file input.cif (mmCIF, C-alpha atoms and all ligand atoms)
data_upload
#
loop_
_atom_site.label_atom_id
_atom_site.label_comp_id
_atom_site.auth_asym_id
_atom_site.auth_seq_id
_atom_site.Cartn_x
_atom_site.Cartn_y
_atom_site.Cartn_z
CA MET A 20 3.55 -1.45 -25.77
CA SER A 21 3.39 2.28 -25.21
CA ALA A 22 5.47 3.93 -22.51
CA HIS A 23 3.79 5.99 -19.80
CA THR A 24 6.91 7.65 -18.48
CA ASP A 25 5.16 10.02 -16.11
CA THR A 26 3.34 7.25 -14.25
CA MET A 27 4.47 5.03 -11.39
CA LEU A 28 1.47 2.77 -11.81
CA TYR A 29 -0.66 2.49 -14.90
CA LEU A 30 -3.67 0.19 -15.15
CA ASP A 31 -5.85 0.21 -18.23
CA GLY A 32 -8.59 -2.11 -19.41
CA VAL A 33 -7.84 -4.52 -16.58
CA SER A 34 -10.36 -7.29 -15.98
CA VAL A 35 -10.33 -10.51 -14.00
CA ALA A 36 -13.11 -13.00 -13.48
CA PHE A 37 -13.43 -15.69 -10.82
CA ASP A 38 -15.72 -18.48 -12.00
CA GLY A 39 -17.35 -16.11 -14.48
CA PHE A 40 -17.81 -13.31 -11.90
CA LYS A 41 -15.99 -10.12 -12.93
CA ALA A 42 -14.25 -8.97 -9.75
CA ILE A 43 -12.33 -6.36 -11.78
CA ASN A 44 -14.05 -4.96 -14.84
CA ASN A 45 -12.21 -2.74 -17.33
CA LEU A 46 -10.35 -0.93 -14.56
CA ALA A 47 -8.22 2.13 -15.34
CA ILE A 48 -6.09 3.73 -12.62
CA ILE A 49 -3.01 5.92 -12.75
CA VAL A 50 -0.68 6.84 -9.90
CA LYS A 51 2.06 9.39 -10.56
CA PRO A 52 5.51 9.45 -8.98
CA ALA A 53 5.36 10.86 -5.45
CA GLU A 54 1.57 10.91 -5.47
CA MET A 55 -0.79 9.44 -2.89
CA LEU A 56 -4.04 7.89 -4.02
CA ALA A 57 -6.81 6.75 -1.68
CA ILE A 58 -9.08 3.94 -2.87
CA ILE A 59 -12.53 3.71 -1.31
CA GLY A 60 -15.58 1.66 -2.17
CA PRO A 61 -18.07 -0.85 -0.83
CA ASN A 62 -17.21 -4.39 0.28
CA GLY A 63 -16.55 -6.56 -2.73
CA ALA A 64 -15.72 -3.58 -4.98
CA GLY A 65 -12.45 -5.23 -5.98
CA LYS A 66 -9.98 -3.20 -3.90
CA THR A 67 -8.08 -6.23 -2.60
CA THR A 68 -8.17 -7.93 -6.01
CA MET A 69 -6.69 -4.77 -7.55
CA MET A 70 -3.79 -4.89 -5.03
CA ASP A 71 -3.38 -8.61 -5.77
CA ILE A 72 -3.07 -7.85 -9.49
CA ILE A 73 -0.43 -5.15 -8.90
CA THR A 74 1.65 -7.43 -6.66
CA GLY A 75 1.41 -10.45 -8.98
CA LYS A 76 -0.72 -12.58 -6.67
CA THR A 77 -3.56 -12.56 -9.21
CA ARG A 78 -3.11 -12.46 -12.99
CA PRO A 79 -5.57 -10.28 -14.89
CA ASP A 80 -7.42 -11.88 -17.81
CA THR A 81 -6.95 -8.74 -19.89
CA GLY A 82 -5.46 -5.27 -19.61
CA GLN A 83 -2.22 -3.42 -19.09
CA VAL A 84 -0.49 -3.14 -15.72
CA LEU A 85 2.68 -1.06 -15.99
CA PHE A 86 5.10 -0.07 -13.23
CA ASP A 87 7.30 3.01 -13.46
CA GLY A 88 6.07 3.77 -16.95
CA ARG A 89 7.40 0.66 -18.64
CA THR A 90 7.62 -2.61 -16.71
CA ASP A 91 4.78 -5.02 -17.54
CA LEU A 92 3.81 -6.45 -14.15
CA THR A 93 1.54 -9.09 -15.64
CA ARG A 94 4.60 -11.06 -16.75
CA LEU A 95 6.36 -11.12 -13.39
CA ASP A 96 5.94 -13.19 -10.25
CA GLU A 97 5.41 -11.81 -6.76
CA ALA A 98 9.09 -11.94 -5.76
CA ALA A 99 10.23 -10.14 -8.91
CA ILE A 100 7.58 -7.46 -8.42
CA ALA A 101 8.62 -6.90 -4.79
CA ASN A 102 12.23 -6.58 -5.95
CA LEU A 103 11.29 -3.89 -8.45
CA GLY A 104 10.28 -1.69 -5.52
CA ILE A 105 6.64 -2.38 -4.76
CA GLY A 106 5.94 -2.84 -1.06
CA ARG A 107 2.61 -4.03 0.29
CA LYS A 108 1.34 -3.67 3.80
CA PHE A 109 -1.50 -5.98 4.77
CA GLN A 110 -4.05 -5.05 7.37
CA LYS A 111 -2.61 -7.19 10.16
CA PRO A 112 0.88 -6.21 11.35
CA THR A 113 3.49 -8.95 11.04
CA VAL A 114 6.43 -7.56 12.97
CA PHE A 115 8.84 -9.85 14.85
CA GLU A 116 7.49 -9.44 18.37
CA SER A 117 10.49 -10.95 20.15
CA GLN A 118 12.93 -8.54 18.46
CA THR A 119 13.51 -4.89 19.23
CA VAL A 120 12.12 -2.15 17.03
CA TRP A 121 15.67 -1.42 15.82
CA ASP A 122 16.41 -5.07 15.00
CA ASN A 123 13.16 -5.39 13.08
CA LEU A 124 14.26 -2.53 10.85
CA GLU A 125 17.84 -3.80 10.56
CA MET A 126 16.56 -7.17 9.35
CA ALA A 127 14.34 -5.47 6.81
CA LEU A 128 17.12 -3.40 5.18
CA LYS A 129 17.62 -4.17 1.55
CA LYS A 130 20.83 -6.16 1.25
CA PRO A 131 22.06 -9.50 -0.06
CA ARG A 132 20.60 -12.27 2.03
CA GLY A 133 23.36 -14.90 1.94
CA ILE A 134 24.12 -16.99 5.01
CA PHE A 135 27.44 -15.14 5.48
CA SER A 136 25.93 -11.71 5.28
CA THR A 137 23.47 -12.78 7.98
CA LEU A 138 26.04 -14.44 10.26
CA PHE A 139 28.67 -11.75 10.08
CA TYR A 140 26.45 -8.75 9.64
CA THR A 141 27.21 -5.59 11.56
CA ALA A 142 25.38 -2.41 10.74
CA SER A 143 27.47 0.00 8.68
CA ASP A 144 27.35 3.75 9.32
CA ASP A 145 25.08 4.04 6.32
CA ASP A 146 22.69 1.46 7.74
CA VAL A 147 22.61 3.21 11.11
CA ALA A 148 21.80 6.53 9.45
CA ARG A 149 19.12 4.93 7.32
CA ILE A 150 17.47 3.11 10.25
CA THR A 151 17.56 6.30 12.31
CA GLU A 152 15.88 8.23 9.51
CA ILE A 153 13.16 5.58 9.19
CA LEU A 154 12.60 5.57 12.96
CA GLU A 155 12.05 9.31 12.81
CA THR A 156 9.61 8.98 9.91
CA VAL A 157 7.54 6.31 11.65
CA ARG A 158 7.53 8.06 15.03
CA LEU A 159 9.42 5.30 16.86
CA ILE A 160 12.82 6.80 17.61
CA ALA A 161 12.08 6.91 21.35
CA ARG A 162 11.04 3.24 21.30
CA LYS A 163 13.93 1.87 19.26
CA ASP A 164 15.25 -0.47 21.98
CA GLU A 165 11.81 -1.71 23.02
CA LEU A 166 10.65 -5.19 22.06
CA ALA A 167 8.15 -4.94 19.23
CA ALA A 168 5.73 -6.97 21.39
CA ASN A 169 5.49 -3.98 23.76
CA LEU A 170 4.34 -1.52 21.09
CA SER A 171 0.73 -0.43 20.80
CA HIS A 172 -1.27 -1.75 17.85
CA GLY A 173 -0.79 1.55 16.01
CA GLN A 174 2.95 1.59 16.66
CA LYS A 175 3.24 -1.96 15.31
CA GLN A 176 1.58 -0.73 12.12
CA TRP A 177 4.10 2.12 11.93
CA LEU A 178 6.97 -0.30 12.50
CA GLU A 179 5.73 -2.41 9.64
CA ILE A 180 5.53 0.66 7.40
CA GLY A 181 9.12 1.35 8.48
CA MET A 182 10.13 -2.20 7.51
CA LEU A 183 8.67 -1.58 4.06
CA LEU A 184 10.57 1.74 3.83
CA ALA A 185 13.77 -0.16 4.64
CA GLN A 186 13.25 -1.97 1.33
CA ASP A 187 13.27 1.46 -0.37
CA PRO A 188 10.09 0.98 -2.41
CA LYS A 189 9.01 3.35 -5.16
CA LEU A 190 5.39 2.36 -4.65
CA LEU A 191 3.78 1.50 -1.34
CA LEU A 192 0.41 -0.28 -1.16
CA VAL A 193 -1.28 0.05 2.20
CA ASP A 194 -4.42 -1.85 3.15
CA GLU A 195 -6.67 -0.30 5.82
CA PRO A 196 -3.81 0.98 7.96
CA VAL A 197 -5.88 2.68 10.67
CA ALA A 198 -8.31 -0.12 11.51
CA GLY A 199 -8.12 -0.51 15.30
CA MET A 200 -6.04 2.63 15.85
CA THR A 201 -6.81 5.36 18.37
CA ASP A 202 -7.87 8.76 16.99
CA SER A 203 -4.48 10.32 17.65
CA GLU A 204 -2.68 7.35 16.05
CA THR A 205 -4.98 7.69 13.04
CA GLU A 206 -4.14 11.38 12.72
CA GLU A 207 -0.43 10.67 13.03
CA THR A 208 -0.68 7.90 10.41
CA ALA A 209 -2.21 10.34 7.92
CA LYS A 210 0.70 12.72 8.57
CA LEU A 211 3.34 10.06 8.16
CA LEU A 212 1.82 8.74 4.93
CA ARG A 213 1.70 12.30 3.61
CA GLU A 214 5.40 12.65 4.42
CA ILE A 215 6.24 9.35 2.73
CA SER A 216 4.31 10.40 -0.38
CA GLN A 217 6.63 13.40 -0.82
CA THR A 218 9.17 10.98 -2.29
CA ARG A 219 7.27 7.75 -3.06
CA SER A 220 3.96 6.80 -4.61
CA VAL A 221 1.45 5.55 -2.07
CA VAL A 222 -1.87 3.76 -2.61
CA VAL A 223 -4.08 3.50 0.48
CA VAL A 224 -7.22 1.36 0.61
CA GLU A 225 -9.45 2.63 3.41
CA HIS A 226 -13.03 2.73 4.66
CA ASP A 227 -12.48 5.39 7.35
CA MET A 228 -13.61 8.61 5.66
CA SER A 229 -12.24 10.99 8.28
CA PHE A 230 -8.83 9.39 7.78
CA VAL A 231 -9.17 9.68 3.98
CA ARG A 232 -9.94 13.36 4.50
CA GLU A 233 -6.76 13.77 6.54
CA LEU A 234 -4.76 12.14 3.74
CA GLY A 235 -5.76 15.07 1.53
CA SER A 236 -5.04 13.03 -1.58
CA ARG A 237 -6.87 12.26 -4.81
CA VAL A 238 -9.57 9.67 -4.23
CA VAL A 239 -10.89 6.87 -6.45
CA CYS A 240 -14.15 5.15 -5.55
CA LEU A 241 -14.38 1.61 -6.91
CA ALA A 242 -17.59 -0.35 -7.30
CA GLU A 243 -18.13 -3.67 -9.02
CA GLY A 244 -14.55 -3.71 -10.22
CA SER A 245 -14.49 -0.34 -12.00
CA VAL A 246 -13.94 3.33 -11.19
CA LEU A 247 -17.23 4.83 -10.08
CA ALA A 248 -15.86 8.32 -9.42
CA GLU A 249 -12.55 10.08 -8.87
CA GLY A 250 -11.32 13.46 -7.73
CA SER A 251 -10.93 15.17 -4.37
CA LEU A 252 -12.78 13.58 -1.43
CA ASP A 253 -15.27 16.46 -1.56
CA GLN A 254 -15.96 15.84 -5.25
CA VAL A 255 -16.23 12.07 -4.85
CA SER A 256 -18.39 12.18 -1.74
CA ALA A 257 -20.79 14.68 -3.34
CA ASN A 258 -21.29 12.35 -6.31
CA PRO A 259 -24.90 11.04 -6.18
CA VAL A 260 -23.90 7.60 -7.47
CA VAL A 261 -21.19 7.27 -4.79
CA ILE A 262 -23.72 8.28 -2.14
CA GLU A 263 -26.25 5.78 -3.43
CA ARG A 264 -23.86 2.85 -3.80
CA TYR A 265 -21.44 3.43 -0.94
CA LEU A 266 -21.55 6.35 1.45
CA GLY A 267 -25.29 6.45 1.96
CA ARG A 268 -25.52 2.82 3.02
N1 LIG B 1 -10.12 -15.90 -5.41
C1 LIG B 1 -11.40 -15.56 -5.57
N2 LIG B 1 -12.31 -16.44 -6.02
C2 LIG B 1 -13.60 -16.09 -6.20
N3 LIG B 1 -14.07 -14.86 -5.95
C3 LIG B 1 -13.23 -13.93 -5.49
C4 LIG B 1 -11.85 -14.22 -5.27
N4 LIG B 1 -11.26 -13.08 -4.82
C5 LIG B 1 -12.22 -12.14 -4.75
N5 LIG B 1 -13.40 -12.63 -5.16
C6 LIG B 1 -14.66 -11.89 -5.27
O1 LIG B 1 -14.37 -10.71 -5.99
C7 LIG B 1 -15.09 -9.59 -5.46
C8 LIG B 1 -14.12 -8.50 -5.10
O2 LIG B 1 -13.46 -8.84 -3.88
P1 LIG B 1 -12.37 -7.95 -3.17
O3 LIG B 1 -11.90 -8.70 -1.98
O4 LIG B 1 -11.33 -7.54 -4.15
O5 LIG B 1 -13.21 -6.67 -2.71
P2 LIG B 1 -12.79 -5.50 -1.70
O6 LIG B 1 -13.17 -4.24 -2.38
O7 LIG B 1 -11.39 -5.66 -1.30
O8 LIG B 1 -13.75 -5.74 -0.47
P3 LIG B 1 -13.52 -5.39 1.11
O9 LIG B 1 -13.76 -3.93 1.25
O10 LIG B 1 -14.60 -6.20 1.75
O11 LIG B 1 -12.15 -5.83 1.46
C9 LIG B 1 -15.89 -10.13 -4.29
O12 LIG B 1 -17.22 -10.36 -4.73
C10 LIG B 1 -15.18 -11.41 -3.93
O13 LIG B 1 -16.09 -12.34 -3.36
#
call {"tool": "encode", "arguments": {"input": "input.cif", "output": "structure tokens"}}
result
Amino acid sequence: MSAHTDTMLYLDGVSVAFDGFKAINNLAIIVKPAEMLAIIGPNGAGKTTMMDIITGKTRPDTGQVLFDGRTDLTRLDEAAIANLGIGRKFQKPTVFESQTVWDNLEMALKKPRGIFSTLFYTASDDDVARITEILETVRLIARKDELAANLSHGQKQWLEIGMLLAQDPKLLLVDEPVAGMTDSETEETAKLLREISQTRSVVVVEHDMSFVRELGSRVVCLAEGSVLAEGSLDQVSANPVVIERYLGR
């Protein structure tokens, strides 16, 4: 197997069929270290299935899926893939509502999970610094002692992004993060994802085009399980085939 040392995520020739229907069809996608990529495309284009393949939930029938230039993800299970440093955020936030914002992040910190480490855990200076840094990134420092239940929908999404950051991922997969957010939360989410992508690779699946514009990243439009077009949002959204099959609908 060839090495792709300058890539964080490398998909080539990836296909998967469900009952003979090709949900992913000869898909090729590359994400570089510290790069953000936005994935757009019509319903049923295969965006979720692509994320499922990366995280080990779905096995491709054919193709290469490499992480960090060398690790073959198609041989690993979901837990092993998460441990490598791939974090996935689903559309619905799943924070612990009855815990404070701070405690949610403390629980999410990457550390051994034995019964003793849980029972006798007190945050070290390092942990406190790390949690504080994450709180600043996800715009929740002023709400750190609040119960997560009392956050707005958008703030819950940010907290969950923070919980993923606590796991120190190299690659973050984010599924429709701004659905249900206010305009100002949407704008702030674009900013925070841009900040995160200074040091980590980020893949965002999104239908909201004004948000994708704010991301300012490279864009891939999927349709019928393959790349229909890629480039800047301006390039992709001026593509006649993209207009016909997606944007013009
Ligand atoms: N487990 C499965 N069994 C059968 N068909 C599936 C399965 N998972 C996905 N599909 C089909 O594969 C195609 C791609 O679905 P997928 O959910 O990946 O699209 P999507 O781009 O995420 O769509 P949306 O924008 O609506 O979320 C769809 O036609 C879907 O019905």
call {"tool": "residues_near_ligand", "arguments": {"input": "input.cif", "ligand": "ligand LIG 1 (chain B)", "cutoff": "8 Å", "atoms": "all atoms listed in the file", "output": "JSON, numbers by chain"}}
result
{"A": [36, 37, 38, 40, 41, 42, 43, 60, 61, 62, 63, 64, 65, 66, 67, 68, 69, 226, 241, 242, 243, 244]}
call {"tool": "write_last_selection", "arguments": {"input": "input.cif", "atoms": "C-alpha atoms", "output": "PDB file, keeping the file's coordinate frame"}}
result
ATOM      1  CA  ALA A  36     -13.110 -13.000 -13.480  1.00  0.00           C
ATOM      2  CA  PHE A  37     -13.430 -15.690 -10.820  1.00  0.00           C
ATOM      3  CA  ASP A  38     -15.720 -18.480 -12.000  1.00  0.00           C
ATOM      4  CA  PHE A  40     -17.810 -13.310 -11.900  1.00  0.00           C
ATOM      5  CA  LYS A  41     -15.990 -10.120 -12.930  1.00  0.00           C
ATOM      6  CA  ALA A  42     -14.250  -8.970  -9.750  1.00  0.00           C
ATOM      7  CA  ILE A  43     -12.330  -6.360 -11.780  1.00  0.00           C
ATOM      8  CA  GLY A  60     -15.580   1.660  -2.170  1.00  0.00           C
ATOM      9  CA  PRO A  61     -18.070  -0.850  -0.830  1.00  0.00           C
ATOM     10  CA  ASN A  62     -17.210  -4.390   0.280  1.00  0.00           C
ATOM     11  CA  GLY A  63     -16.550  -6.560  -2.730  1.00  0.00           C
ATOM     12  CA  ALA A  64     -15.720  -3.580  -4.980  1.00  0.00           C
ATOM     13  CA  GLY A  65     -12.450  -5.230  -5.980  1.00  0.00           C
ATOM     14  CA  LYS A  66      -9.980  -3.200  -3.900  1.00  0.00           C
ATOM     15  CA  THR A  67      -8.080  -6.230  -2.600  1.00  0.00           C
ATOM     16  CA  THR A  68      -8.170  -7.930  -6.010  1.00  0.00           C
ATOM     17  CA  MET A  69      -6.690  -4.770  -7.550  1.00  0.00           C
ATOM     18  CA  HIS A 226     -13.030   2.730   4.660  1.00  0.00           C
ATOM     19  CA  LEU A 241     -14.380   1.610  -6.910  1.00  0.00           C
ATOM     20  CA  ALA A 242     -17.590  -0.350  -7.300  1.00  0.00           C
ATOM     21  CA  GLU A 243     -18.130  -3.670  -9.020  1.00  0.00           C
ATOM     22  CA  GLY A 244     -14.550  -3.710 -10.220  1.00  0.00           C
TER      23      GLY A 244
END
call {"tool": "closest_atom_pairs", "arguments": {"input": "input.cif", "of": "stretch 109-202 of chain A", "to": "stretch 215-225 of chain A", "cutoff": "10 Å", "atoms": "only C-alpha atoms", "output": "tab-separated table"}}
result
residue	atom	partner	partner_atom	distance
A:Gln110	CA	A:Val224	CA	9.8
A:Thr156	CA	A:Ile215	CA	7.9
A:Val157	CA	A:Ile215	CA	9.5
A:Ile180	CA	A:Ile215	CA	9.9
A:Leu184	CA	A:Ile215	CA	8.8
A:Asp187	CA	A:Arg219	CA	9.1
A:Pro188	CA	A:Arg219	CA	7.4
A:Lys189	CA	A:Arg219	CA	5.2
A:Leu190	CA	A:Ser220	CA	4.7
A:Leu191	CA	A:Val221	CA	4.7
A:Leu192	CA	A:Val222	CA	4.9
A:Val193	CA	A:Val223	CA	4.8
A:Asp194	CA	A:Val224	CA	5.0
A:Glu195	CA	A:Glu225	CA	4.7
A:Pro196	CA	A:Glu225	CA	7.4
A:Val197	CA	A:Glu225	CA	8.1
A:Ala198	CA	A:Glu225	CA	8.6
call {"tool": "atom_distance", "arguments": {"input": "input.cif", "atom1": "atom CA of A:Gly235", "atom2": "atom CA of A:Ser171"}}
result
25.6 Å
call {"tool": "atom_distance", "arguments": {"input": "input.cif", "atom1": "atom CA of A:Phe115", "atom2": "atom CA of A:Glu206"}}
result
25.0 Å
call {"tool": "residues_around", "arguments": {"input": "input.cif", "residues": "A:Ser251", "least_positions_apart": "3", "cutoff": "12 Å", "atoms": "all atoms listed in the file", "output": "PyMOL selection string"}}
result
chain A and resi 55-59+231-240+248+254-258
call {"tool": "closest_residue", "arguments": {"input": "input.cif", "among": "A:Asp144, A:Glu116, A:Asp227, A:Asp87", "to": "A:Ala53", "atoms": "all atoms listed in the file"}}
result
A:Asp87
call {"tool": "closest_residue", "arguments": {"input": "input.cif", "among": "A:Ile48, A:Ile72, A:Leu30, A:Ala127", "to": "A:Arg89", "atoms": "only C-alpha atoms"}}
result
A:Leu30
call {"tool": "atom_distance", "arguments": {"input": "input.cif", "atom1": "atom CA of A:Gly104", "atom2": "atom CA of A:Gln176"}}
result
19.7 Å
call {"tool": "closest_residue", "arguments": {"input": "input.cif", "among": "A:Asn102, A:Ser229, A:Thr74, A:Ser245", "to": "A:Val35", "atoms": "all atoms listed in the file"}}
result
A:Ser245
call {"tool": "residues_around", "arguments": {"input": "input.cif", "residues": "A:Arg94", "least_positions_apart": "2", "cutoff": "10 Å", "atoms": "all atoms listed in the file", "output": "VMD selection string"}}
result
chain A and resid 75 78 84 90 to 92 96 99 to 100
call {"tool": "closest_residue", "arguments": {"input": "input.cif", "among": "A:Gly181, A:Arg162, A:Pro79, A:Ala98", "to": "A:Leu124", "atoms": "only C-alpha atoms"}}
result
A:Gly181
call {"tool": "closest_residue", "arguments": {"input": "input.cif", "among": "A:Gly267, A:Gly173, A:Gly39, A:Pro259", "to": "A:Asp202", "atoms": "all atoms listed in the file"}}
result
A:Gly173
call {"tool": "residues_around", "arguments": {"input": "input.cif", "residues": "A:Asp25", "least_positions_apart": "6", "cutoff": "9 Å", "atoms": "only C-alpha atoms", "output": "list in words"}}
result
Lys51, Pro52, Asp87 and Gly88 of chain A
